[in-house]
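Data from input.cif: mmCIF, C-alpha atoms
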```cif
data_data
#
loop_
_atom_site.label_atom_id
_atom_site.label_comp_id
_atom_site.auth_asym_id
_atom_site.auth_seq_id
_atom_site.Cartn_x
_atom_site.Cartn_y
_atom_site.Cartn_z
CA MET A 120 -62.76 1.86 -89.11
CA PRO A 121 -64.22 5.20 -87.95
CA ARG A 122 -66.94 5.06 -85.33
CA PRO A 123 -70.18 7.01 -85.77
CA ASP A 124 -70.20 8.22 -82.14
CA HIS A 125 -67.54 10.92 -82.31
CA SER A 126 -67.21 13.77 -79.84
CA GLU A 127 -68.41 17.33 -80.44
CA ALA A 128 -64.76 18.42 -80.59
CA TYR A 129 -64.25 16.01 -83.52
CA TRP A 130 -67.20 17.42 -85.42
CA ALA A 131 -66.11 21.00 -84.65
CA ALA A 132 -62.62 20.27 -86.00
CA MET A 133 -64.04 18.67 -89.14
CA LYS A 134 -66.06 21.81 -89.83
CA TYR A 135 -62.84 23.84 -90.04
CA VAL A 136 -61.17 21.16 -92.19
CA ILE A 137 -64.02 21.39 -94.70
CA ILE A 138 -63.94 25.21 -94.64
CA ALA A 139 -60.14 25.23 -95.09
CA LEU A 140 -60.36 22.86 -98.07
CA THR A 141 -63.09 25.00 -99.61
CA GLY A 142 -60.73 27.96 -99.28
CA LEU A 143 -57.94 25.95 -100.88
CA MET A 144 -60.24 24.98 -103.74
CA THR A 145 -61.03 28.66 -104.28
CA VAL A 146 -57.30 29.42 -104.47
CA ALA A 147 -56.87 26.57 -106.99
CA LEU A 148 -59.66 27.98 -109.14
CA ILE A 149 -58.17 31.49 -109.00
CA LEU A 150 -54.78 30.11 -110.07
CA ALA A 151 -56.43 28.15 -112.88
CA ALA A 152 -58.22 31.33 -114.00
CA ILE A 153 -54.89 33.20 -113.99
CA VAL A 154 -53.38 30.46 -116.16
CA LEU A 155 -56.39 30.71 -118.49
CA PHE A 156 -56.05 34.47 -118.89
CA ARG A 157 -52.33 34.12 -119.64
CA PHE A 158 -53.31 32.07 -122.69
CA ILE A 159 -56.06 34.31 -123.99
CA PRO A 160 -54.52 36.63 -126.62
CA TRP A 161 -56.57 39.71 -125.71
CA SER A 162 -55.74 39.59 -121.99
CA MET B 164 -34.16 8.22 -115.72
CA SER B 165 -35.04 9.11 -112.14
CA ALA B 166 -37.50 8.00 -109.50
CA ILE B 167 -39.46 11.23 -109.82
CA SER B 168 -39.85 11.04 -113.60
CA THR B 169 -40.36 7.28 -113.99
CA VAL B 170 -41.16 5.28 -110.86
CA LEU B 171 -43.52 7.82 -109.36
CA PRO B 172 -45.78 8.20 -112.44
CA LEU B 173 -45.62 4.42 -112.94
CA ALA B 174 -46.84 3.97 -109.36
CA SER B 175 -49.58 6.55 -110.00
CA SER B 176 -50.60 4.72 -113.16
CA ILE B 177 -50.75 1.28 -111.51
CA LEU B 178 -52.68 2.66 -108.55
CA SER B 179 -55.09 4.44 -110.90
CA PHE B 180 -55.84 1.23 -112.82
CA VAL B 181 -56.28 -0.73 -109.56
CA PHE B 182 -58.61 2.04 -108.34
CA ALA B 183 -60.48 2.00 -111.66
CA ALA B 184 -60.90 -1.79 -111.44
CA ALA B 185 -62.37 -1.45 -107.93
CA VAL B 186 -64.79 1.23 -109.13
CA PHE B 187 -65.81 -0.77 -112.25
CA LYS B 188 -66.34 -3.87 -110.10
CA ARG B 189 -68.65 -1.88 -107.86
CA TYR B 190 -70.47 -0.57 -110.96
CA VAL B 191 -71.00 -4.11 -112.28
CA ASN B 192 -72.63 -5.02 -108.97
CA ARG B 193 -74.70 -1.81 -108.87
CA SER B 194 -75.21 -0.84 -112.52
CA THR B 195 -77.84 1.80 -111.67
CA ARG B 196 -75.07 3.93 -110.18
CA LYS B 197 -73.75 5.44 -113.41
CA GLN B 198 -71.41 7.74 -111.47
CA LEU B 199 -69.23 4.68 -110.83
CA LEU B 200 -68.88 4.08 -114.57
CA VAL B 201 -67.91 7.71 -115.23
CA TRP B 202 -65.47 7.81 -112.29
CA GLY B 203 -63.95 4.58 -113.62
CA ILE B 204 -63.46 6.16 -117.06
CA GLY B 205 -61.81 9.16 -115.41
CA LEU B 206 -59.47 6.89 -113.46
CA VAL B 207 -58.48 5.04 -116.64
CA PHE B 208 -57.59 8.46 -118.10
CA TYR B 209 -55.54 9.11 -114.93
CA GLY B 210 -53.73 5.81 -115.43
CA ILE B 211 -53.04 6.52 -119.11
CA GLY B 212 -51.55 9.88 -118.18
CA GLY B 213 -49.26 8.31 -115.59
CA ALA B 214 -48.19 5.58 -118.02
CA CYS B 215 -47.21 8.21 -120.61
CA GLU B 216 -45.18 10.09 -117.99
CA ALA B 217 -43.40 6.89 -116.94
CA PHE B 218 -42.73 6.00 -120.60
CA THR B 219 -41.17 9.40 -121.23
CA GLY B 220 -39.11 9.16 -118.06
CA ALA B 221 -37.79 5.74 -119.07
CA PHE B 222 -37.40 6.05 -122.85
CA GLY B 223 -37.33 9.78 -123.58
CA PHE B 224 -39.54 12.23 -125.42
CA ASP B 225 -41.95 11.00 -128.08
CA PRO B 226 -44.46 13.37 -129.76
CA ILE B 227 -47.23 10.74 -129.91
CA VAL B 228 -46.84 9.90 -126.23
CA LEU B 229 -46.92 13.63 -125.47
CA LYS B 230 -50.24 13.96 -127.32
CA ILE B 231 -51.76 10.93 -125.56
CA TRP B 232 -50.57 12.30 -122.21
CA TYR B 233 -51.83 15.79 -122.92
CA LEU B 234 -55.26 14.61 -124.03
CA PHE B 235 -55.95 12.10 -121.24
CA GLY B 236 -53.66 13.24 -118.44
CA ALA B 237 -53.86 17.02 -118.78
CA ILE B 238 -57.17 17.84 -120.50
CA LEU B 239 -59.76 15.12 -119.86
CA VAL B 240 -59.03 13.43 -116.53
CA ALA B 241 -60.25 16.02 -114.01
CA ALA B 242 -63.37 16.88 -115.98
CA TRP B 243 -64.42 13.22 -116.37
CA LEU B 244 -63.79 12.45 -112.71
CA GLY B 245 -65.85 15.52 -111.86
CA GLN B 246 -68.60 14.41 -114.23
CA GLY B 247 -68.96 11.25 -112.11
CA THR B 248 -69.74 13.50 -109.16
CA VAL B 249 -72.26 15.40 -111.31
CA PHE B 250 -73.98 12.06 -111.97
CA LEU B 251 -74.08 11.49 -108.19
CA LEU B 252 -75.30 14.88 -107.02
CA ALA B 253 -77.00 16.79 -109.85
CA ARG B 254 -80.52 16.57 -111.23
CA ASP B 255 -81.11 14.53 -114.38
CA LYS B 256 -81.51 17.53 -116.71
CA TRP B 257 -78.17 18.95 -115.55
CA VAL B 258 -76.53 15.55 -115.88
CA ARG B 259 -77.78 15.22 -119.46
CA ALA B 260 -76.80 18.76 -120.46
CA THR B 261 -73.32 18.68 -118.93
CA THR B 262 -72.62 15.18 -120.27
CA ILE B 263 -73.51 16.26 -123.81
CA ILE B 264 -71.28 19.33 -123.49
CA LEU B 265 -68.41 17.33 -121.95
CA VAL B 266 -68.56 14.60 -124.61
CA ALA B 267 -68.66 17.21 -127.40
CA ALA B 268 -65.81 19.17 -125.82
CA SER B 269 -63.80 15.97 -125.36
CA VAL B 270 -64.25 15.03 -129.03
CA PHE B 271 -63.19 18.55 -130.03
CA ALA B 272 -60.17 18.35 -127.72
CA THR B 273 -59.23 14.98 -129.20
CA PHE B 274 -59.17 16.36 -132.74
CA ALA B 275 -57.37 19.51 -131.55
CA VAL B 276 -54.60 17.54 -129.85
CA ILE B 277 -54.26 15.05 -132.74
CA SER B 278 -53.92 17.86 -135.29
CA ALA B 279 -51.69 20.06 -133.12
CA GLY B 280 -48.06 20.52 -134.06
CA VAL B 281 -45.28 19.32 -131.77
CA ASP B 282 -41.67 20.35 -131.80
CA PRO B 283 -39.92 16.95 -132.13
CA ASN B 284 -36.69 18.45 -130.84
CA TYR B 285 -38.27 19.99 -127.77
CA ALA B 286 -36.06 19.20 -124.80
CA VAL B 287 -38.55 17.88 -122.28
CA GLY B 288 -37.08 17.94 -118.79
CA ALA B 289 -37.99 15.73 -115.87
CA GLU B 290 -41.71 16.23 -116.43
CA LEU B 291 -43.85 16.20 -119.56
CA THR B 292 -45.16 19.61 -120.48
CA GLY B 293 -47.53 21.08 -123.04
CA LYS B 294 -44.88 23.64 -123.92
CA ALA B 295 -43.67 21.19 -126.59
CA PHE B 296 -46.78 22.03 -128.67
CA THR B 297 -46.08 24.43 -131.52
CA THR B 298 -49.84 24.87 -131.92
CA THR B 299 -50.06 26.85 -128.71
CA TRP B 300 -53.82 27.51 -128.68
CA VAL B 301 -54.49 23.84 -127.89
CA ARG B 302 -53.16 24.54 -124.40
CA THR B 303 -55.93 27.06 -123.89
CA LEU B 304 -58.39 24.14 -123.65
CA THR B 305 -56.80 22.71 -120.49
CA PRO B 306 -57.87 25.34 -117.92
CA PHE B 307 -61.51 25.12 -119.07
CA PHE B 308 -61.61 21.37 -118.46
CA ASN B 309 -59.64 21.62 -115.23
CA ILE B 310 -61.73 24.43 -113.77
CA TYR B 311 -64.86 22.36 -114.50
CA GLY B 312 -63.20 19.27 -113.00
CA THR B 313 -62.11 21.11 -109.86
CA VAL B 314 -65.53 22.66 -109.27
CA THR B 315 -67.38 19.37 -109.80
CA LEU B 316 -64.99 16.82 -108.26
CA THR B 317 -63.55 18.85 -105.37
CA GLY B 318 -66.64 20.97 -104.86
CA GLY B 319 -68.88 17.91 -105.04
CA ALA B 320 -66.79 15.98 -102.53
CA LEU B 321 -66.72 18.94 -100.14
CA TYR B 322 -70.47 19.41 -100.54
CA SER B 323 -71.02 15.72 -99.70
CA ALA B 324 -68.67 16.00 -96.70
CA TRP B 325 -70.61 19.04 -95.56
CA LEU B 326 -73.93 17.15 -95.80
CA PHE B 327 -72.57 14.35 -93.60
CA TRP B 328 -71.10 16.90 -91.19
CA ARG B 329 -74.37 18.80 -90.93
CA LYS B 330 -76.34 15.64 -90.16
CA ARG B 331 -73.59 14.23 -87.91
CA VAL B 332 -73.86 10.87 -89.69
CA LEU B 333 -71.47 8.43 -91.37
CA PRO B 334 -68.15 10.07 -90.42
CA ASN B 335 -66.36 7.54 -92.58
CA ARG B 336 -68.07 9.01 -95.66
CA MET B 337 -67.35 12.54 -94.47
CA ILE B 338 -63.66 11.69 -94.03
CA GLY B 339 -63.68 9.80 -97.34
CA ASN B 340 -65.04 12.84 -99.18
CA ILE B 341 -62.53 15.12 -97.45
CA LEU B 342 -59.73 12.83 -98.65
CA ILE B 343 -61.18 12.73 -102.17
CA ALA B 344 -61.38 16.55 -102.24
CA THR B 345 -57.81 16.85 -100.99
CA GLY B 346 -56.57 14.26 -103.48
CA ALA B 347 -58.41 15.96 -106.33
CA MET B 348 -56.66 19.23 -105.60
CA ALA B 349 -53.15 17.76 -105.36
CA PRO B 350 -52.60 17.37 -109.15
CA ALA B 351 -54.37 20.67 -109.78
CA PHE B 352 -51.86 22.51 -107.60
CA GLY B 353 -49.05 20.46 -109.11
CA GLY B 354 -50.23 21.30 -112.60
CA VAL B 355 -50.51 24.99 -111.87
CA LEU B 356 -47.05 25.00 -110.29
CA ASN B 357 -45.81 23.21 -113.41
CA ARG B 358 -47.21 26.00 -115.56
CA PHE B 359 -45.07 28.48 -113.63
CA GLY B 360 -41.95 26.39 -114.20
CA LEU B 361 -41.90 24.69 -110.81
CA PRO B 362 -41.71 20.90 -110.32
CA GLY B 363 -44.44 19.04 -108.48
CA LEU B 364 -46.92 17.63 -110.99
CA TYR B 365 -45.86 13.98 -110.70
CA ILE B 366 -45.70 14.11 -106.91
CA GLY B 367 -49.08 15.84 -106.83
CA GLU B 368 -50.57 13.19 -109.12
CA PHE B 369 -49.34 10.32 -106.94
CA ILE B 370 -50.53 11.95 -103.72
CA GLY B 371 -53.78 12.76 -105.49
CA VAL B 372 -54.68 9.25 -106.63
CA PHE B 373 -53.47 7.77 -103.34
CA LEU B 374 -55.69 10.07 -101.26
CA MET B 375 -58.67 9.59 -103.56
CA TYR B 376 -58.31 5.79 -103.36
CA VAL B 377 -58.10 5.87 -99.56
CA GLY B 378 -61.10 8.22 -99.58
CA PHE B 379 -63.03 5.86 -101.86
CA LEU B 380 -62.26 2.95 -99.53
CA GLN B 381 -63.42 5.06 -96.58
CA THR B 382 -66.74 5.85 -98.24
CA THR B 383 -67.39 2.20 -99.03
CA VAL B 384 -66.68 0.62 -95.63
CA SER B 385 -69.65 -0.66 -93.67
CA VAL B 386 -70.37 1.19 -90.43
CA VAL B 387 -73.03 0.43 -87.86
CA GLN B 388 -75.16 3.56 -88.05
CA PRO B 389 -77.63 4.29 -85.27
CA ALA B 390 -78.91 7.60 -86.69
CA ALA B 391 -80.55 8.83 -89.90
CA ALA B 392 -79.80 7.68 -93.45
CA PRO B 393 -77.14 9.38 -95.62
CA ALA B 394 -77.81 11.96 -98.30
CA ALA B 395 -74.92 11.25 -100.64
CA GLU B 396 -72.28 8.62 -101.23
#
```

Step by step, read the file and then write its structure as structure tokens.
Amino acid sequence: MPRPDHSEAYWAAMKYVIIALTGLMTVALILAAIVLFRFIPWS
Amino acid sequence: MSAISTVLPLASSILSFVFAAAVFKRYVNRSTRKQLLVWGIGLVFYGIGGACEAFTGAFGFDPIVLKIWYLFGAILVAAWLGQGTVFLLARDKWVRATTIILVAASVFATFAVISAGVDPNYAVGAELTGKAFTTTWVRTLTPFFNIYGTVTLTGGALYSAWLFWRKRVLPNRMIGNILIATGAMAPAFGGVLNRFGLPGLYIGEFIGVFLMYVGFLQTTVSVVQPAAAPAAE
């Protein structure tokens, strides 16, 4: 079970994890948009 | 029949239904939390999709199974899981509006998939694919639902994780939301790779539901909290 009293280094690392996942989500959305445009006849 | 095409989706399906049962049980105990009901519905869709994949892997291609899989496993699942997060985080007017749109779009998608033509002789490989549809426009629906599902489910989980990070409270819920966001993206990447002819959907789905379940368990554990109250589940 995680403890609530983590170090500053832990919280600093978690910030970059969240930012990295947000970046990954953006990539996923861009790929999904590319797939969408491949299916639209006028694109 | 191979482990990838049968056992893996079967494991995903069983895990999804177990996960759904845990979420529904929590909803029964806390019926004001409607997000649990919607997440549970999404997880049932996830389980149906996995069951169809396992069926195809074990017994071969069937057009009806393809349609059930495509509707629940490819079109609806991400959007309904994401709608649960909308129920958790969004204001009531947005919840109402998006729910009406999602239900209407889901009904439309249901009729579209039911009426779509399928090539009965399509040689489906190791993984089910929408390429077997002869009515190709029905596949255009999928990215709309999946983009909405990614934004709401992954974005919502990351937003919740960020709230806990900012307040330095409940690290278990922060980690849980990070796992949910990661798990939510796994099938999305798998699905996109599948569209480009690469394998990975079934593996992505299993990793996805596994991580989301672990994340859910993380968010629901009791932690002695000395600081302020949380902002989101």

Please provide as a short mmCIF file (atom, residue, chain, number, x, y, z; two decimals) with C-alpha atoms, in the frame of the given file all residues within 9 Å of Leu155 of chain A, with the sequence filter that same-chain residues fewer than 3 positions apart are discarded (counting all atoms listed in the file).
```cif
data_model
loop_
_atom_site.label_atom_id
_atom_site.label_comp_id
_atom_site.auth_asym_id
_atom_site.auth_seq_id
_atom_site.Cartn_x
_atom_site.Cartn_y
_atom_site.Cartn_z
CA LEU A 150 -54.78 30.11 -110.07
CA ALA A 151 -56.43 28.15 -112.88
CA ALA A 152 -58.22 31.33 -114.00
CA PHE A 158 -53.31 32.07 -122.69
CA ILE A 159 -56.06 34.31 -123.99
CA THR B 303 -55.93 27.06 -123.89
CA LEU B 304 -58.39 24.14 -123.65
CA THR B 305 -56.80 22.71 -120.49
CA PRO B 306 -57.87 25.34 -117.92
CA PHE B 307 -61.51 25.12 -119.07
#
```

**OP:** Compute the set of chain B residues within 10 Å of chain A, using all atoms listed in the file, and express it as JSON, numbers by chain.
**Re:** {"B": [299, 300, 301, 302, 303, 304, 305, 306, 307, 309, 310, 311, 313, 314, 317, 318, 320, 321, 322, 324, 325, 328, 329, 331, 332, 333, 334, 335, 336, 337, 338, 340, 341, 344, 345, 347, 348, 349, 351, 352, 354, 355, 356, 358, 359, 381, 384, 385, 386, 387, 388, 389, 390]}

Original post:
Using all atoms listed in the file, can you list as a PyMOL selection string the residues within 12 Å of (-57.7, 14.6, -120.7)?
Top reply: chain B and resi 204-213+229-244+265-266+268-273+275-276+302+304-309+312

Show me the residues close to (-34.4, 18.2, -132.1) - anything with an atom within 12 Å, counting only C-alpha atoms - and format the list as a JSON list (two decimals) with C-alpha atoms, keeping the file's coordinate frame.
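See result_1.json below for the written result:
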```
[["chain", "number", "residue", "atom", "x", "y", "z"],
["B", 224, "PHE", "CA", -39.54, 12.23, -125.42],
["B", 225, "ASP", "CA", -41.95, 11.00, -128.08],
["B", 226, "PRO", "CA", -44.46, 13.37, -129.76],
["B", 281, "VAL", "CA", -45.28, 19.32, -131.77],
["B", 282, "ASP", "CA", -41.67, 20.35, -131.80],
["B", 283, "PRO", "CA", -39.92, 16.95, -132.13],
["B", 284, "ASN", "CA", -36.69, 18.45, -130.84],
["B", 285, "TYR", "CA", -38.27, 19.99, -127.77],
["B", 286, "ALA", "CA", -36.06, 19.20, -124.80],
["B", 287, "VAL", "CA", -38.55, 17.88, -122.28],
["B", 295, "ALA", "CA", -43.67, 21.19, -126.59]]
```

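When atom CA of Glu290 of chain B is paired with atom CA of Ala267 of chain B, their separation reads 29.1 Å.
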
**OP:** For atom CA of Lys256 of chain B and atom CA of Lys197 of chain B, determine how far apart the two atoms are, in Å to one decimal place.
**Re:** 14.7 Å

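The space between atom CA of Glu216 of chain B and atom CA of Thr262 of chain B spans 28.0 Å.
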
**OP:** Please identify all polymer residues within 7 Å of segment 366-375 of chain B, counting all atoms listed in the file, omitting same-chain residues fewer than 4 positions from it, and present them as a ChimeraX atom specification.
**Re:** /B:171-172,175,179,342-343,346-347,349-350,353,379

Using C-alpha atoms, can you export the residues from the last selection as a short mmCIF file (atom, residue, chain, number, x, y, z; two decimals), keeping the file's coordinate frame?
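Saved as selection.cif:
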```cif
data_model
loop_
_atom_site.label_atom_id
_atom_site.label_comp_id
_atom_site.auth_asym_id
_atom_site.auth_seq_id
_atom_site.Cartn_x
_atom_site.Cartn_y
_atom_site.Cartn_z
CA LEU B 171 -43.52 7.82 -109.36
CA PRO B 172 -45.78 8.20 -112.44
CA SER B 175 -49.58 6.55 -110.00
CA SER B 179 -55.09 4.44 -110.90
CA LEU B 342 -59.73 12.83 -98.65
CA ILE B 343 -61.18 12.73 -102.17
CA GLY B 346 -56.57 14.26 -103.48
CA ALA B 347 -58.41 15.96 -106.33
CA ALA B 349 -53.15 17.76 -105.36
CA PRO B 350 -52.60 17.37 -109.15
CA GLY B 353 -49.05 20.46 -109.11
CA PHE B 379 -63.03 5.86 -101.86
#
```

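Residues with any atom within 12 Å of Ala185 of chain B, counting all atoms listed in the file and excluding same-chain neighbours fewer than 2 positions away, are Leu178, Ser179, Phe180, Val181, Phe182, Ala183, Phe187, Lys188, Arg189, Tyr190, Val191, Asn192, Leu199, Leu200, Trp202, Gly203, Ile204, Leu206, Val207, Tyr376, Val377, Phe379, Leu380 and Thr383 of chain B.
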